[in-house]
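Worksheet for the structure shown next.
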Amino acid sequence: MIEFDQNPPLLRKYAELVCNSGENYVANCNESVMKECELPLIDLGGLTSENKEERDSCAKAICRASSEWGFFQVVNHGINLQLLRKMRAEQVKLFEFPFEKKVTCGHFNNSYRWGNRTATCPKQFSWSEAFHVPLNKISEEPSYGEFGSVREVMQEYAAAMQELARLLSRVLVNNLGHKKGLLEEICDESTCFLRLNRYPACPISPEIFGLVPHTDSDFLTILHQDQVGGLQLTKDSRWVAVKPNQDALIVNIGDLFQAWSNDVYKSVEHKVMVNAKMERYSIAYFVCPSYESTIGSCKEPTIYRSFTFGEYRSQIQQDVKKTGHKVGLPRFLLHSQLM
């Protein structure tokens with residue numbers, strides 16, 4: 001298959017990994033994946049209801065899903081559907097630029113990436129490309145160059161996601177008896193990220209990873225995906241395929257919220273599987289603190305030792321370099337056996 005100019009050389013890189021490792025790996029997912037199912041669906045209109053019981057019921061549903069699933073969907077989330085469509089259109093235009101232009105332009109704070117540069121074998125490889133954009137770079141005019149049309153829409157999109165993230169985090173923090181603005185004190189537009197993802201159609205197998213299994217290293221993630229599907233997560237020790245819902249946004253708990261909540265909320269392993277015939281698009285908003293921020297616990301006795309976000313990120317990078325995969329929170333358990 002000849003790859004189009006817009007595509008990164010994923011097929012060539014995958015072939016190199018197969019050759020160098022002697023391993024032709026595809027994820028053996030068919031036997032263990034449950035039927036496609038819907039995540040808990042929560043109508044956020046309940047949070048602004050004049051009825052206290054409806055407000056409390058909505059908040060409880062958010063917290064219950066965060067504890068039992070680590071993932072949930074939201075509707076009536078307050079983000080204009082026209083804005084979501086505009087952002088998707090700009091995202092598609094962005095990825096239509098030739099690969100060489102994307103990889104060399106240096107725009108968006110050099111945020112373009114593809115595949116997985118640390119992969120040493122096929123099972124560590126992600127069949128995808130992305131722009132991982134710091135929010136504080138969106139407003140910088142020089143960052144856009146030929147991609148200027150995306151600037152205004154991305155700013156509006158990020159601001160809307162930030163408001164939704166604040167709303168959800170207040171509910172989750174308040175549920176554990178803390179002041180509602182706790183996360184806002186350490187997470188703002190200077191520390192959060194937008195990640196624009198594209199998963200090209202994969203000619204090899206639908207069992208190749210579009211994004212390798214992982215947990216998110218943030219507090220909270222809000223995802224807007226298309227109708228192609230491919231997102232899977234672990235539930236009761238099995239992989240579950242998530243049924244796309246064009247009217248909903250997906251929310252998931254990150255490692256930092258799990259640590260801060262003393263394991264009340266769950267950061268769940270998830271992955272993306274490719275589609276053999278169709279490309280897939282998604283946009284993720286990551287709620288992150290500054291690298292200097294200390295992640296403690298909402299109560300004592302604590303399960304994890306205190307650590308800074310910078311320390312956590314550094315440990316992840318060390319583990320990936322040494323072992324090829326992220327270890328994450330187990331490294332920071334007070335009584336961890338990991339060395």
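Labeling convention for the structure tokens: chains A, B, ... as they appear, residues from 1 per chain, ligands from 1 in order of appearance.
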
As a list in words, please: the residues near Lys137 (chain A) (cut-off 12 Å, only C-alpha atoms, same-chain neighbours under 6 positions excluded).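 Once the nearby chain positions are removed, what remains is His107, Phe108, Asn109, Asn110, Ser111, Ser143, Tyr144, Arg151, Met154, Gln155, Ala158, Glu189, Ser190, Thr191, Cys192, Phe193 and Leu194 of chain A.
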
Quick one: pick out all strand (DSSP E or B) residues within region 48-164 of chain A from a backbone DSSP run and write them as a PyMOL selection string. chain A and resi 71-75+112-114+129-134

Near Arg113 (chain A), within 8 Å and counting only C-alpha atoms, which residues show up once chain neighbours fewer than 6 positions away are dropped, as an NGL selection string? :A and (103 or 129-132)

Considering only C-alpha atoms, state which residue in the set A:Gln246, A:Ile222, A:Ser128, A:Glu54 is at the smallest distance from Glu163 (chain A).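 When distances to Glu163 (chain A) are compared using only C-alpha atoms, the smallest one comes from A:Ile222.
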
What does the distance from CA of Gly181 (chain A) to CA of Gln162 (chain A) come to in Å, to one decimal?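 Taking CA of Gly181 (chain A) and CA of Gln162 (chain A), their separation equals 13.2 Å.
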